Amino acid sequence: MATMTGHAVRNDKQALLAIYKAMQTIRRTEEHMARAHQRGLIHGACHTYVGEEAIAVGVCAHLGAEDVVFSTHRGHGHALAKGVTPQSLVAELLGRETGCSRGRGGSMHLFAPEVGMMGTSGIVGPCILQAAGAGYSFKLMKSDHVAVAFFGDGAVNNGAFHEGLNMAGIWKLPVLFICENNGFATEIPFEYASGSRSVAARASAYGLPGVEVDGNDVLAVSKAALEAVERARGGGGATLIECKTYRTRAHAEGMGDFTYRTREEVEQWKTRCPILRLRQMLVEAAIANEAELRAIDDEVEAMAVEAVTLAEQAAWPDPSTAADHVYATPVRVDNPPPTGNRETSFMKATLEALTYEMENNSRIYVMGEGIGVRGGNFATTTGLFDRFGPVRLCDTPISERGFVGMAAGAAMTGTRPVVDFMFADFVLDAVGEILNQIAKVQYMSSGRLKMPVLLRGCIGVGNSAATHHSGNYSSMYAHFPGLRVVVPSCPYDAKGLLTRALRCDDPVLFLEHRGVLSIKGPVPEGSYEIEFGRAAVVREGTDVTVVALAMMVHQVRKVCDVLAKEGISVELIDPRTVAPLDVETIHASVRKTGRLLIVDETFAPFGLGAEIAAQVADAGFDDLDAPIRRLNGVHTPTPYSPPLEAAVVPGLDAIAKAIRDLVAE
Amino acid sequence: MAIHIIIPRLGWSMDEGIFAGWLKADGDSIRAGDPLFTLQGEKATQDVEAIDEGVLKIPATGPLVGETVLVGAIIGYLVQAGESLPGTAVAKRPDPIPVRSDEPKSSPLARRIAREHGIDWTKLVGSGSSGRIRRADVLKAIQSEEVVSRPVIASPGRRVIAARMEESRRTTVPVTLTTTADVTNLVGLRRQFKAAEGPGLDVPSFMDFTVKLTALALRDHLALNSGNASVHVGIAVDTEGGLVVPVIRDATTLGLRQIAIRSRELISHARERKLRPDEMQGGTFTVTNLGAFGVETFTPIINPPECAILGMGKIERRPVMDGEEVVGRDLMHLSLTFDHRVVDGAPAARFLKQLVQSLENPAPWLMA
């Protein structure tokens with residue numbers, strides 16, 4: 001199959017036979033997988049591509065190894081057409097170590113970045129955004145590679161389609177959006193689900209060319225794809241191609257098929273089989289004879305049989321590796337320098353870090369609303385637009401899900417996106433992209449893809465910003481494997497941690513509390529990193545350990561001075577990162593003080609305090625001289641009116657009282 | 001409906017008794033007032049009479065003679081004609097209900113420090129806002145006159161010993177019997193070994209003789225062997241790190257020489273701190289020897305979960321009346337501590353008597 005890729009279809013025999021063989025390889029491999037499913041060898045879902053082979057093959061015929069494909073839950077055909085071997089595909093569905101995703105994915109999560117197969121997703125829509133993001137990477141790196149998104153008709157009614165095509169349109173990204181319209185989103189007819197009968201017609205809404213082709217005619221698909229690829233490579237931007245087709249097996253193996261369509265309709269479509277059609281054309285046009293084609297069939301059949309045999313013989317993955325590749329391999333980080341005497345603000349410190357890294361790494365770019373000429377709502381990018389230009393300082397439409405989803409595709413293809421989402425509340429629209437894609441891709445690709453995405457935004461209650469501009473989501477993100485969650489409190493930490501975030505290969509949520517942005521503190525002029533998962537002992541003490549983040553660090557500090565006069569000595573610890581969380585430093589402090597209070601502006605249930613309390617109670621039960629206490633914000637959306645707002649966050653009096661009470665416990 | 005036959009409470013504080021047998025057979029017609037079964041309570045054995053009428057049904061799961069039964073347990077039924085038996089099983093003895101603690105509130109840290117310093121924190125007064133005993137209270141107690149002389153249990157090894165001793169005190173009811181054995185013959189026998197001493201001929205110590213003979217006596221008095229059929233004798237060894245008790249396994253089947261070799265190995269492992277965990281586990285009885293220090297009798301502490309321990313005192317030559325003559329004899333003091341919960345005084349004394357006999361005339365026993 002690898003011989004297929006990179007060859008434009010010419011009207012020559014060799015190319016046509018290669019296309020025939022590629023389609024037949026998909027068909028025969030899937031037929032054997034259907035049998036394997038019946039034998040119970042496939043443990044999860046198995047969505048076949050039978051009847052649609054012309055599309056994957058017709059498009060991938062024009063792609064080189066450096067071009068990339070993003071696909072869907074029905075991705076066997078795309079994987080095989082892009083160069084994944086039948087053997088590693090079948091082994092993946094059988095859950096074996098030799099599978100293309102090393103047994104971590106199965107039918108719906110196929111990864112083979114070494115051949116440009118950047119992944120299939122069990123979620124409908126993200127592949128559109130990721131292909132757009134890869135297109136952005138190629139544009140930034142000035143390469144002539146193209147990205148392809150294969151998706152079904154179900155995806156076109158998803159917001160990702162709208163946001164992804166729109167951004168690909170405005171930035172002229174080298175992307176092919178290939179809609180495989182097989183008439184049903186699972187079982188929901190396209191005619192029912194879409195107000196417009198044409199997908200291709202929607203392209204004009206985004207300023208893109210839209211083409212409709214017979215998806216069962218491989219030469220028609222190939223011709224349309226060739227034009228689109230040439231347009232993309234030539235800087236002409238993206239194309240939407242709607243391929244009308246039909247799957248002639250059930251949505252998934254083992255599922256019933258005739259509640260939403262008729263047997264007659266399926267049989268009728270089988271007569272339009274793309275493989276049969278090409279075969280007839282080759283014979284009728286006397287390009288190839290029956291014997292030649294039968295030889296190809298036999299060769300493919302033998303390959304498919306061997307794929308199943310070898311997959312059955314392959315080793316299971318080692319259970320001890322089940323949690324490998326959640327994060328990139330850690331690297332050693334030098335200890336940060338002393339603070340020095342130069343004072344600057346938190347925000348200026350982060351700008352120093354970002355500027356330095358952008359100067360030294362041309363693959364870093366920033367995306368967000370108003371971060372270009374305007375320099376960011378919170379002056380996060382002041383002056384950078386003039387320095388680095390509009391591609392690296394990219395203002396976006398208000399499409400949070402879209403540009404966060406694009407960041408995933410960009411990071412997978414070698415660039416380092418910084419997504420500046422102004423307020424953390426806004427990015428909740430993109431949480432699916434963060435948790436289902438960005439957080440999981442390193443794992444799903446068994447570490448072969450990196451995910452260096454920096455997601456930064458403002459958190460915290462204050463300034464009567466009310467409920468949609470006051471959220472703090474650090475605990476929520478920390479709950480999920482695959483993410484780093486950084487919540488700095490001071491300029492020195494902010495600069496070192498942002499630098500680390502811009503150099504590490506893991507996705508980082510960098511959450512900046514609005515209350516600390518203008519706070520000044522000593523910051524070294526040079527570049528330095530602070531390792532994640534290293535808490536800072538902000539103030540040493542003997543009577544009680546208080547853990548606080550971000551704004552609460554400053555609040556607790558104020559209280560400490562008052563309490564010191566009463567004879568209460570507080571040790572204040574700032575974890576600085578919530579994931580990873582440095583419980584060891586907290587526990588070491590509790591060993592000394594015997595008392596622990598966690599002061600957290602965010603909600604108590606299932607939060608930072610609950611996690612720290614559980615871990616310290618477990619590891620340090622015999623070190624506790626009193627119950628572990630939490631002081632949290634009230635479990636309510638944030639109100640607007642100043643007295644209401646003040647009532648939902650821990651104030652100085654409440655903090656002082658909590659510490660006094662704990663010492664008296 | 002079937003009427004339950006229930007174990008009654010025979011005394012004020014009785015919560016279990018011993019079932020001593022049915023006085024009627026399964027299927028007998030019972031009239032009110034008929035004696036049904038015999039139950040042994042705390043103070044007396046009593047025939048229990050039927051309160052109701054009916055046909056006696058004794059379930060297969062009913063208690064056997066001699067079995068301990070709980071007050072309230074259903075042991076049988078009185079049914080009416082044509083009525084079938086409910087499928088209820090007889091209640092077995094449940095796990096003991098934990099005793100409600102009257103201990104004062106205390107912090108984990110306070111308890112830990114108290115443990116490490118041998119302080120009984122339950123006697124302290126807590127200064128916490130809810131009366132909780134806190135670190136400060138324990139530290140104050142440590143500094144106060146009253147407890148300043150208390151020993152500090154610092155090393156981990158010491159803490160293990162302390163915990164074992166406390167467990168023994170908490171979970172056993174120890175009684176110590178002391179006696180004296182005339183070991184003149186044994187001293188003579190050992191002298192023969194010494195005379196023949198040479199390469200490969202280890203002279204058994206008095207401890208080795210005692211271990212062997214104790215094992216043989218235990219075989220005939222399994223109650224003292226914690227009820228086990230195999231005899232694994234622990235030997236208390238004094239080391240720099242404190243007391244350890246390695247175990248000589250199957251001491252009845254090992255010959256005297258094998259016991260001598262094995263005990264030397266274990267003692268040297270113990271002193272070099274090289275004992276493996278399995279060399280310290282599985283003991284069924286312990287022998288401890290303070291004779292070398294001139295101690296006559298003492299009160300050895302039982303090594304849980306064993307139920308008895310033998311203490312060897314010094315061997316001294318004393319004038320003894322032999323008829324009307326005074327003769328010199330070698331006498332050895334013995335102290336046997338047993339757990340009176342498990343073993344009564346008389347069986348323990350019988351075991352000790354057999355042990356004394358074998359120590360006084362060891363040769364036939366060692367041939368066994």
# chains A, B, ... in the order shown; residues from 1 in each chain; ligands from 1

call {"tool": "interface_residues", "arguments": {"of": "chain B", "to": "chain A", "cutoff": "12 Å", "atoms": "only C-alpha atoms", "output": "ChimeraX atom specification"}}
result
/B:105-116,126-138

call {"tool": "write_last_selection", "arguments": {"atoms": "N, CA and C atoms", "output": "mmCIF file, in the first residue's frame"}}
result
data_model
loop_
_atom_site.group_PDB
_atom_site.id
_atom_site.type_symbol
_atom_site.label_atom_id
_atom_site.label_comp_id
_atom_site.auth_asym_id
_atom_site.auth_seq_id
_atom_site.Cartn_x
_atom_site.Cartn_y
_atom_site.Cartn_z
ATOM 1 N N LYS B 105 -10.560 11.677 73.634
ATOM 2 C CA LYS B 105 -10.154 12.041 72.271
ATOM 3 C C LYS B 105 -8.679 12.405 72.253
ATOM 4 N N SER B 106 -8.014 12.033 71.208
ATOM 5 C CA SER B 106 -6.584 12.333 71.138
ATOM 6 C C SER B 106 -6.195 12.432 69.680
ATOM 7 N N SER B 107 -5.146 13.180 69.377
ATOM 8 C CA SER B 107 -4.700 13.291 67.994
ATOM 9 C C SER B 107 -3.762 12.138 67.665
ATOM 10 N N PRO B 108 -3.711 11.759 66.389
ATOM 11 C CA PRO B 108 -2.788 10.676 66.006
ATOM 12 C C PRO B 108 -1.348 11.001 66.391
ATOM 13 N N LEU B 109 -0.952 12.263 66.231
ATOM 14 C CA LEU B 109 0.422 12.652 66.560
ATOM 15 C C LEU B 109 0.667 12.505 68.063
ATOM 16 N N ALA B 110 -0.307 12.928 68.880
ATOM 17 C CA ALA B 110 -0.153 12.806 70.334
ATOM 18 C C ALA B 110 0.008 11.339 70.721
ATOM 19 N N ARG B 111 -0.795 10.482 70.116
ATOM 20 C CA ARG B 111 -0.702 9.054 70.446
ATOM 21 C C ARG B 111 0.642 8.491 70.016
ATOM 22 N N ARG B 112 1.108 8.931 68.853
ATOM 23 C CA ARG B 112 2.395 8.408 68.381
ATOM 24 C C ARG B 112 3.516 8.800 69.333
ATOM 25 N N ILE B 113 3.550 10.078 69.713
ATOM 26 C CA ILE B 113 4.622 10.518 70.613
ATOM 27 C C ILE B 113 4.506 9.791 71.956
ATOM 28 N N ALA B 114 3.258 9.614 72.410
ATOM 29 C CA ALA B 114 3.051 8.908 73.679
ATOM 30 C C ALA B 114 3.590 7.480 73.590
ATOM 31 N N ARG B 115 3.288 6.818 72.487
ATOM 32 C CA ARG B 115 3.794 5.445 72.289
ATOM 33 C C ARG B 115 5.306 5.422 72.347
ATOM 34 N N GLU B 116 5.926 6.377 71.642
ATOM 35 C CA GLU B 116 7.387 6.376 71.545
ATOM 36 C C GLU B 116 8.043 6.641 72.895
ATOM 37 N N GLY B 126 -6.687 16.595 78.011
ATOM 38 C CA GLY B 126 -6.471 17.260 76.723
ATOM 39 C C GLY B 126 -6.717 18.750 76.800
ATOM 40 N N SER B 127 -5.919 19.510 76.063
ATOM 41 C CA SER B 127 -6.084 20.965 76.053
ATOM 42 C C SER B 127 -6.733 21.459 74.768
ATOM 43 N N GLY B 128 -7.099 20.533 73.864
ATOM 44 C CA GLY B 128 -7.757 20.953 72.623
ATOM 45 C C GLY B 128 -9.127 21.552 72.917
ATOM 46 N N SER B 129 -9.650 22.291 71.945
ATOM 47 C CA SER B 129 -10.901 23.000 72.193
ATOM 48 C C SER B 129 -12.037 22.029 72.489
ATOM 49 N N SER B 130 -11.912 20.772 72.023
ATOM 50 C CA SER B 130 -12.947 19.786 72.337
ATOM 51 C C SER B 130 -12.439 18.796 73.387
ATOM 52 N N GLY B 131 -11.371 19.165 74.102
ATOM 53 C CA GLY B 131 -10.808 18.268 75.101
ATOM 54 C C GLY B 131 -9.844 17.251 74.535
ATOM 55 N N ARG B 132 -9.509 17.406 73.255
ATOM 56 C CA ARG B 132 -8.620 16.454 72.614
ATOM 57 C C ARG B 132 -7.216 16.540 73.206
ATOM 58 N N ILE B 133 -6.620 15.380 73.449
ATOM 59 C CA ILE B 133 -5.223 15.347 73.889
ATOM 60 C C ILE B 133 -4.354 15.608 72.675
ATOM 61 N N ARG B 134 -3.491 16.593 72.777
ATOM 62 C CA ARG B 134 -2.697 17.036 71.634
ATOM 63 C C ARG B 134 -1.228 16.835 71.928
ATOM 64 N N ARG B 135 -0.449 17.084 70.909
ATOM 65 C CA ARG B 135 0.999 16.930 71.048
ATOM 66 C C ARG B 135 1.512 17.669 72.278
ATOM 67 N N ALA B 136 1.042 18.909 72.442
ATOM 68 C CA ALA B 136 1.543 19.731 73.546
ATOM 69 C C ALA B 136 1.281 19.047 74.888
ATOM 70 N N ASP B 137 0.148 18.367 75.011
ATOM 71 C CA ASP B 137 -0.184 17.723 76.284
ATOM 72 C C ASP B 137 0.763 16.567 76.578
ATOM 73 N N VAL B 138 1.087 15.823 75.534
ATOM 74 C CA VAL B 138 2.000 14.699 75.734
ATOM 75 C C VAL B 138 3.405 15.222 76.041
#

call {"tool": "select_by_dssp", "arguments": {"residues": "stretch 44-288 of chain B", "states": "alpha helix (DSSP H)", "output": "compact mmCIF listing (two decimals) with C-alpha atoms, in the first residue's frame"}}
result
# COMPACT_ATOMS: atom_id res chain seq x y z
CA PRO B 108 -2.79 10.68 66.01
CA LEU B 109 0.42 12.65 66.56
CA ALA B 110 -0.15 12.81 70.33
CA ARG B 111 -0.70 9.05 70.45
CA ARG B 112 2.39 8.41 68.38
CA ILE B 113 4.62 10.52 70.61
CA ALA B 114 3.05 8.91 73.68
CA ARG B 115 3.79 5.45 72.29
CA GLU B 116 7.39 6.38 71.54
CA HIS B 117 7.91 7.67 75.08
CA ARG B 135 1.00 16.93 71.05
CA ALA B 136 1.54 19.73 73.55
CA ASP B 137 -0.18 17.72 76.28
CA VAL B 138 2.00 14.70 75.73
CA LEU B 139 5.15 16.80 75.57
CA LYS B 140 4.17 18.45 78.84
CA ALA B 141 3.64 15.05 80.41
CA ILE B 142 7.04 13.88 79.20
CA GLN B 143 8.66 16.90 80.83
CA GLU B 145 8.24 15.11 87.23
CA GLU B 146 5.73 12.32 87.24
CA VAL B 147 6.85 10.69 84.06
CA VAL B 148 10.37 11.98 83.70
CA PRO B 156 12.41 0.09 66.00
CA GLY B 157 13.49 -3.28 67.38
CA ARG B 158 12.66 -2.14 70.88
CA ARG B 159 9.27 -0.98 69.68
CA VAL B 160 8.54 -4.43 68.27
CA ILE B 161 9.45 -6.03 71.59
CA ALA B 162 7.34 -3.49 73.46
CA ALA B 163 4.37 -4.14 71.23
CA ARG B 164 4.72 -7.92 71.66
CA MET B 165 4.93 -7.60 75.44
CA GLU B 166 1.92 -5.33 75.57
CA GLU B 167 -0.01 -7.71 73.37
CA SER B 168 0.85 -10.56 75.71
CA ARG B 169 -0.25 -8.61 78.75
CA ARG B 170 -3.44 -7.55 77.03
CA THR B 171 -4.45 -10.87 75.55
CA THR B 184 22.29 -34.57 88.74
CA ASN B 185 21.96 -37.28 86.10
CA LEU B 186 21.63 -34.71 83.32
CA VAL B 187 24.76 -32.90 84.52
CA GLY B 188 26.55 -36.26 84.47
CA LEU B 189 25.27 -37.05 81.02
CA ARG B 190 26.46 -33.72 79.70
CA ARG B 191 29.84 -34.37 81.31
CA GLN B 192 30.11 -37.51 79.15
CA PHE B 193 29.55 -35.43 76.02
CA LYS B 194 32.21 -32.99 77.16
CA ALA B 195 34.67 -35.75 77.78
CA PHE B 206 21.47 -27.53 79.05
CA MET B 207 19.14 -25.42 76.92
CA ASP B 208 19.39 -28.00 74.10
CA PHE B 209 18.57 -30.85 76.49
CA THR B 210 15.68 -28.87 77.88
CA VAL B 211 14.33 -28.00 74.43
CA LYS B 212 14.39 -31.64 73.39
CA LEU B 213 12.78 -32.93 76.58
CA THR B 214 10.22 -30.12 76.61
CA ALA B 215 9.25 -30.97 73.05
CA LEU B 216 8.72 -34.59 74.02
CA ALA B 217 6.59 -33.60 77.00
CA LEU B 218 4.56 -31.21 74.81
CA ARG B 219 3.78 -34.07 72.46
CA ASP B 220 1.92 -35.69 75.35
CA LEU B 256 19.61 -34.00 70.32
CA ARG B 257 22.68 -33.35 68.17
CA GLN B 258 20.55 -31.81 65.42
CA ILE B 259 18.92 -29.57 67.99
CA ALA B 260 22.36 -28.54 69.27
CA ILE B 261 23.53 -27.70 65.75
CA ARG B 262 20.34 -25.87 64.85
CA SER B 263 20.26 -23.82 68.03
CA ARG B 264 23.88 -22.73 67.53
CA GLU B 265 23.01 -21.63 63.99
CA LEU B 266 19.96 -19.69 65.09
CA ILE B 267 21.77 -18.05 68.00
CA SER B 268 24.60 -16.94 65.74
CA HIS B 269 22.12 -15.63 63.13
CA ALA B 270 20.34 -13.76 65.90
CA ARG B 271 23.51 -12.14 67.24

call {"tool": "closest_residue", "arguments": {"among": "A:Val305, A:Leu549, A:Ala349, A:Ala408", "to": "A:Lys520", "atoms": "only C-alpha atoms"}}
result
A:Ala349

call {"tool": "residues_around", "arguments": {"residues": "A:Met444", "least_positions_apart": "3", "cutoff": "10 Å", "atoms": "only C-alpha atoms", "output": "ChimeraX atom specification"}}
result
/A:101-106,109-111,119-121,325-326,437,439-441,447-449

call {"tool": "select_by_dssp", "arguments": {"residues": "stretch 31-266 of chain A", "states": "strand (DSSP E)", "output": "number ranges by chain"}}
result
A: 68-71, 117-120, 147-152, 175-181, 184-185, 188-189, 210-214, 239-244

call {"tool": "closest_residue", "arguments": {"among": "A:Thr350, A:Ser470, A:Ser143, A:Asn360", "to": "A:Phe378", "atoms": "only C-alpha atoms"}}
result
A:Thr350

call {"tool": "residues_around", "arguments": {"residues": "A:Val427", "least_positions_apart": "5", "cutoff": "12 Å", "atoms": "only C-alpha atoms", "output": "PyMOL selection string"}}
result
chain A and resi 368-369+398-405+419-422+432-435+455-459+468-469+471-473+477+509+511

call {"tool": "residues_around", "arguments": {"residues": "A:Val547", "least_positions_apart": "4", "cutoff": "6 Å", "atoms": "only C-alpha atoms", "output": "PyMOL selection string"}}
result
chain A and resi 572-574+598

call {"tool": "residues_around", "arguments": {"residues": "A:Val486", "least_positions_apart": "4", "cutoff": "12 Å", "atoms": "only C-alpha atoms", "output": "number ranges by chain"}}
result
A: 454-459, 472-475, 477-478, 493-501, 507-513, 530-535, 549-550, 574-581

call {"tool": "write_last_selection", "arguments": {"atoms": "N, CA and C atoms", "output": "short mmCIF file (atom, residue, chain, number, x, y, z; two decimals), in the first residue's frame"}}
result
data_model
loop_
_atom_site.label_atom_id
_atom_site.label_comp_id
_atom_site.auth_asym_id
_atom_site.auth_seq_id
_atom_site.Cartn_x
_atom_site.Cartn_y
_atom_site.Cartn_z
N LEU A 454 0.26 25.07 25.01
CA LEU A 454 0.11 25.90 26.20
C LEU A 454 -1.24 26.61 26.12
N LEU A 455 -2.08 26.34 27.10
CA LEU A 455 -3.41 26.96 27.15
C LEU A 455 -3.39 27.92 28.33
N ARG A 456 -3.46 29.23 28.06
CA ARG A 456 -3.36 30.17 29.17
C ARG A 456 -4.61 31.04 29.23
N GLY A 457 -4.98 31.41 30.44
CA GLY A 457 -6.14 32.25 30.60
C GLY A 457 -6.29 32.73 32.02
N CYS A 458 -7.17 33.70 32.16
CA CYS A 458 -7.36 34.38 33.43
C CYS A 458 -8.42 33.65 34.26
N ILE A 459 -8.15 33.51 35.55
CA ILE A 459 -9.10 32.89 36.47
C ILE A 459 -9.35 33.84 37.63
N ASN A 472 -12.61 29.37 38.12
CA ASN A 472 -11.27 28.86 38.41
C ASN A 472 -11.38 27.35 38.29
N TYR A 473 -10.80 26.79 37.27
CA TYR A 473 -11.09 25.40 36.93
C TYR A 473 -9.90 24.47 37.18
N SER A 474 -8.99 24.91 38.02
CA SER A 474 -7.75 24.14 38.16
C SER A 474 -7.99 22.71 38.63
N SER A 475 -8.88 22.52 39.60
CA SER A 475 -9.10 21.16 40.12
C SER A 475 -9.71 20.26 39.06
N TYR A 477 -9.33 20.38 35.78
CA TYR A 477 -8.33 19.91 34.82
C TYR A 477 -7.36 18.92 35.47
N ALA A 478 -7.07 19.16 36.76
CA ALA A 478 -6.10 18.28 37.43
C ALA A 478 -6.64 16.88 37.61
N ASP A 493 7.77 33.09 39.98
CA ASP A 493 7.26 31.76 39.61
C ASP A 493 6.64 31.79 38.22
N ALA A 494 5.90 32.87 37.93
CA ALA A 494 5.19 32.94 36.65
C ALA A 494 6.17 32.85 35.48
N LYS A 495 7.28 33.57 35.59
CA LYS A 495 8.24 33.56 34.48
C LYS A 495 8.88 32.18 34.33
N GLY A 496 9.32 31.61 35.43
CA GLY A 496 9.99 30.31 35.36
C GLY A 496 9.06 29.20 34.93
N LEU A 497 7.83 29.25 35.39
CA LEU A 497 6.87 28.20 35.05
C LEU A 497 6.39 28.34 33.61
N LEU A 498 6.25 29.59 33.13
CA LEU A 498 5.82 29.77 31.74
C LEU A 498 6.93 29.31 30.79
N THR A 499 8.16 29.60 31.14
CA THR A 499 9.28 29.13 30.33
C THR A 499 9.28 27.60 30.26
N ARG A 500 9.08 26.98 31.43
CA ARG A 500 9.02 25.50 31.46
C ARG A 500 7.89 25.00 30.57
N ALA A 501 6.73 25.67 30.66
CA ALA A 501 5.57 25.26 29.87
C ALA A 501 5.87 25.35 28.38
N PRO A 507 0.83 19.02 27.36
CA PRO A 507 -0.11 20.15 27.36
C PRO A 507 -0.19 20.79 28.75
N VAL A 508 -0.18 22.11 28.78
CA VAL A 508 -0.15 22.83 30.05
C VAL A 508 -1.32 23.81 30.11
N LEU A 509 -2.09 23.74 31.17
CA LEU A 509 -3.07 24.79 31.48
C LEU A 509 -2.35 25.79 32.38
N PHE A 510 -2.17 27.01 31.90
CA PHE A 510 -1.47 28.04 32.66
C PHE A 510 -2.52 29.05 33.09
N LEU A 511 -2.93 28.99 34.35
CA LEU A 511 -4.08 29.74 34.83
C LEU A 511 -3.60 30.91 35.68
N GLU A 512 -3.96 32.14 35.21
CA GLU A 512 -3.43 33.35 35.82
C GLU A 512 -4.53 34.09 36.55
N HIS A 513 -4.40 34.18 37.84
CA HIS A 513 -5.45 34.84 38.64
C HIS A 513 -5.41 36.35 38.41
N ILE A 530 11.28 26.76 36.05
CA ILE A 530 10.93 26.15 37.33
C ILE A 530 10.20 24.85 37.01
N GLU A 531 10.68 23.77 37.60
CA GLU A 531 10.09 22.45 37.33
C GLU A 531 8.67 22.38 37.87
N PHE A 532 7.80 21.67 37.15
CA PHE A 532 6.44 21.44 37.65
C PHE A 532 6.51 20.46 38.82
N GLY A 533 5.56 20.60 39.73
CA GLY A 533 5.49 19.65 40.84
C GLY A 533 6.46 19.96 41.96
N ARG A 534 6.91 21.21 42.05
CA ARG A 534 7.79 21.62 43.16
C ARG A 534 7.11 22.77 43.89
N ALA A 535 6.59 22.47 45.07
CA ALA A 535 5.92 23.51 45.85
C ALA A 535 6.96 24.49 46.40
N LEU A 549 -3.01 28.81 46.94
CA LEU A 549 -2.63 29.00 45.54
C LEU A 549 -2.92 30.44 45.13
N ALA A 550 -2.17 30.92 44.16
CA ALA A 550 -2.49 32.16 43.46
C ALA A 550 -2.82 33.30 44.43
N ASP A 574 2.99 27.17 48.81
CA ASP A 574 2.32 27.41 47.53
C ASP A 574 2.69 26.27 46.59
N PRO A 575 1.75 25.39 46.27
CA PRO A 575 2.10 24.24 45.41
C PRO A 575 2.56 24.68 44.01
N ARG A 576 2.13 25.83 43.56
CA ARG A 576 2.48 26.41 42.26
C ARG A 576 1.90 25.64 41.08
N THR A 577 1.95 24.31 41.13
CA THR A 577 1.28 23.51 40.10
C THR A 577 0.31 22.56 40.81
N VAL A 578 -0.87 22.43 40.26
CA VAL A 578 -1.87 21.53 40.85
C VAL A 578 -1.70 20.12 40.28
N ALA A 579 -1.24 20.06 39.04
CA ALA A 579 -0.88 18.78 38.43
C ALA A 579 0.43 18.98 37.67
N PRO A 580 1.51 18.35 38.11
CA PRO A 580 1.60 17.48 39.28
C PRO A 580 1.56 18.27 40.59
N LEU A 581 1.10 17.59 41.62
CA LEU A 581 0.93 18.22 42.93
C LEU A 581 2.03 17.70 43.87
#

call {"tool": "atom_distance", "arguments": {"atom1": "atom CA of A:Val583", "atom2": "atom CA of A:Asp334"}}
result
21.0 Å

call {"tool": "closest_residue", "arguments": {"among": "A:Ala647, A:Val229, A:Val562, A:Val90", "to": "A:Leu310", "atoms": "only C-alpha atoms"}}
result
A:Val90

call {"tool": "residues_around", "arguments": {"residues": "B:Asn228", "least_positions_apart": "3", "cutoff": "12 Å", "atoms": "only C-alpha atoms", "output": "NGL selection string"}}
result
:B and (215 or 218-225 or 231-233 or 250 or 282-285 or 305-307)

call {"tool": "write_last_selection", "arguments": {"atoms": "C-alpha atoms", "output": "PDB file, in the first residue's frame"}}
result
ATOM      1  CA  ALA B 215       9.254 -30.972  73.052  1.00  0.00           C
ATOM      2  CA  LEU B 218       4.556 -31.208  74.813  1.00  0.00           C
ATOM      3  CA  ARG B 219       3.780 -34.067  72.456  1.00  0.00           C
ATOM      4  CA  ASP B 220       1.922 -35.694  75.349  1.00  0.00           C
ATOM      5  CA  HIS B 221       0.318 -32.409  76.501  1.00  0.00           C
ATOM      6  CA  LEU B 222      -0.794 -30.694  73.325  1.00  0.00           C
ATOM      7  CA  ALA B 223      -2.918 -28.155  75.205  1.00  0.00           C
ATOM      8  CA  LEU B 224       0.324 -26.495  76.337  1.00  0.00           C
ATOM      9  CA  ASN B 225       1.519 -26.551  72.723  1.00  0.00           C
ATOM     10  CA  VAL B 231       6.099 -28.869  68.124  1.00  0.00           C
ATOM     11  CA  HIS B 232       8.166 -25.821  67.132  1.00  0.00           C
ATOM     12  CA  VAL B 233      10.115 -24.508  70.093  1.00  0.00           C
ATOM     13  CA  ASP B 250       9.883 -30.020  64.598  1.00  0.00           C
ATOM     14  CA  GLY B 282       5.572 -20.481  63.674  1.00  0.00           C
ATOM     15  CA  GLY B 283       6.661 -21.180  67.255  1.00  0.00           C
ATOM     16  CA  THR B 284       4.222 -23.165  69.407  1.00  0.00           C
ATOM     17  CA  PHE B 285       6.073 -22.884  72.743  1.00  0.00           C
ATOM     18  CA  PRO B 305      -0.180 -16.543  70.059  1.00  0.00           C
ATOM     19  CA  GLU B 306       1.489 -19.317  72.041  1.00  0.00           C
ATOM     20  CA  CYS B 307      -0.102 -20.272  75.335  1.00  0.00           C
TER      21      CYS B 307
END
